[in-house]
Amino acid sequence: MKRLSDLDPNLGADLVRRLNAVGHTALANDLAQAIVTRVTYDSSVGAGYICLESSRPLNSVEASVIGLKHGETILLDDTASLNVDADNFGRIRGVELLGYGDVLKKLQMQLVP
């Protein structure tokens, strides 16, 4: 189990900085501790996604009664090439990257057992 900051310290720090800059401090803190579960990359469109597992577990009511859903997507740049997804409980779920092919390929290679 690896955190994004373990796999790519520059990207991890950049995302935390950008989230803090747009007022999402709790999400930035969650991202810093989240575990990377999967990295996808589609070279035909130059897009990929980093799936993350929040460091904040759901309690039994949240998990069983309310349920986990998409909460919001936070755009971190003007070109919409860097976006962060949060669930309905304000926990980090993933990062969408457009035009970051080299970074995504590197992350994929690091996750291969």
# chains A, B, ... in the order shown; residues from 1 in each chain; ligands from 1
>>> residues_around(residues="Leu107 (chain A)", least_positions_apart="5", cutoff="12 Å", atoms="only C-alpha atoms", output="mmCIF file with C-alpha atoms, in the first residue's frame")
data_model
loop_
_atom_site.group_PDB
_atom_site.id
_atom_site.type_symbol
_atom_site.label_atom_id
_atom_site.label_comp_id
_atom_site.auth_asym_id
_atom_site.auth_seq_id
_atom_site.Cartn_x
_atom_site.Cartn_y
_atom_site.Cartn_z
ATOM 1 C CA LYS A 2 1.521 3.237 -1.164
ATOM 2 C CA ARG A 3 0.538 6.856 -0.867
ATOM 3 C CA LEU A 4 0.717 9.175 -3.854
ATOM 4 C CA SER A 5 3.483 11.113 -2.125
ATOM 5 C CA ASP A 6 5.501 7.868 -1.926
ATOM 6 C CA LEU A 7 5.027 7.149 -5.638
ATOM 7 C CA ASP A 8 5.451 10.696 -6.960
ATOM 8 C CA PRO A 9 6.379 13.266 -4.298
ATOM 9 C CA LEU A 11 2.644 15.348 -7.919
ATOM 10 C CA GLY A 12 1.463 14.630 -4.384
ATOM 11 C CA VAL A 36 -3.288 4.584 -4.284
ATOM 12 C CA THR A 37 -5.357 1.538 -5.227
ATOM 13 C CA ARG A 38 -5.160 1.688 -9.020
ATOM 14 C CA VAL A 39 -3.886 3.854 -11.867
ATOM 15 C CA THR A 40 -5.478 3.808 -15.296
ATOM 16 C CA TYR A 41 -4.233 5.438 -18.474
ATOM 17 C CA GLY A 48 -5.854 8.737 -16.801
ATOM 18 C CA TYR A 49 -7.191 8.326 -13.318
ATOM 19 C CA ILE A 50 -5.554 7.662 -9.966
ATOM 20 C CA CYS A 51 -7.956 5.760 -7.702
ATOM 21 C CA TYR A 100 0.080 13.600 -17.835
ATOM 22 C CA GLY A 101 0.895 10.401 -19.716
ATOM 23 C CA ASP A 102 4.479 10.041 -18.513
ATOM 24 C CA VAL A 112 2.926 -3.619 -10.485
#
>>> residues_around(residues="His70 (chain A)", least_positions_apart="5", cutoff="9 Å", atoms="only C-alpha atoms", output="list in words")
Asp85, Ala86, Asp87, Asn88, Phe89 and Arg93 of chain A
>>> select_by_dssp(residues="region 16-104 of chain A", states="helix (DSSP H, G or I)", output="MDAnalysis selection string")
chainID A and resid 16:21 25:33 60:66 101:104
>>> select_by_dssp(residues="region 4-102 of chain A", states="strand (DSSP E or B)", output="ChimeraX atom specification")
/A:35-42,47-53,70-75,82-87,92-98
>>> atom_distance(atom1="CA of Asn29 (chain A)", atom2="CA of Glu53 (chain A)")
13.0 Å
>>> closest_residue(among="A:Met1, A:Leu111, A:Ala47, A:Ala21", to="Leu76 (chain A)", atoms="only C-alpha atoms")
A:Ala21
>>> residues_around(residues="region 55-58 of chain A", least_positions_apart="2", cutoff="6 Å", atoms="only C-alpha atoms", output="number ranges by chain")
A: 33-34, 62-63
>>> closest_residue(among="A:Ile74, A:Ile35, A:Leu52, A:Leu68", to="Val22 (chain A)", atoms="only C-alpha atoms")
A:Ile74
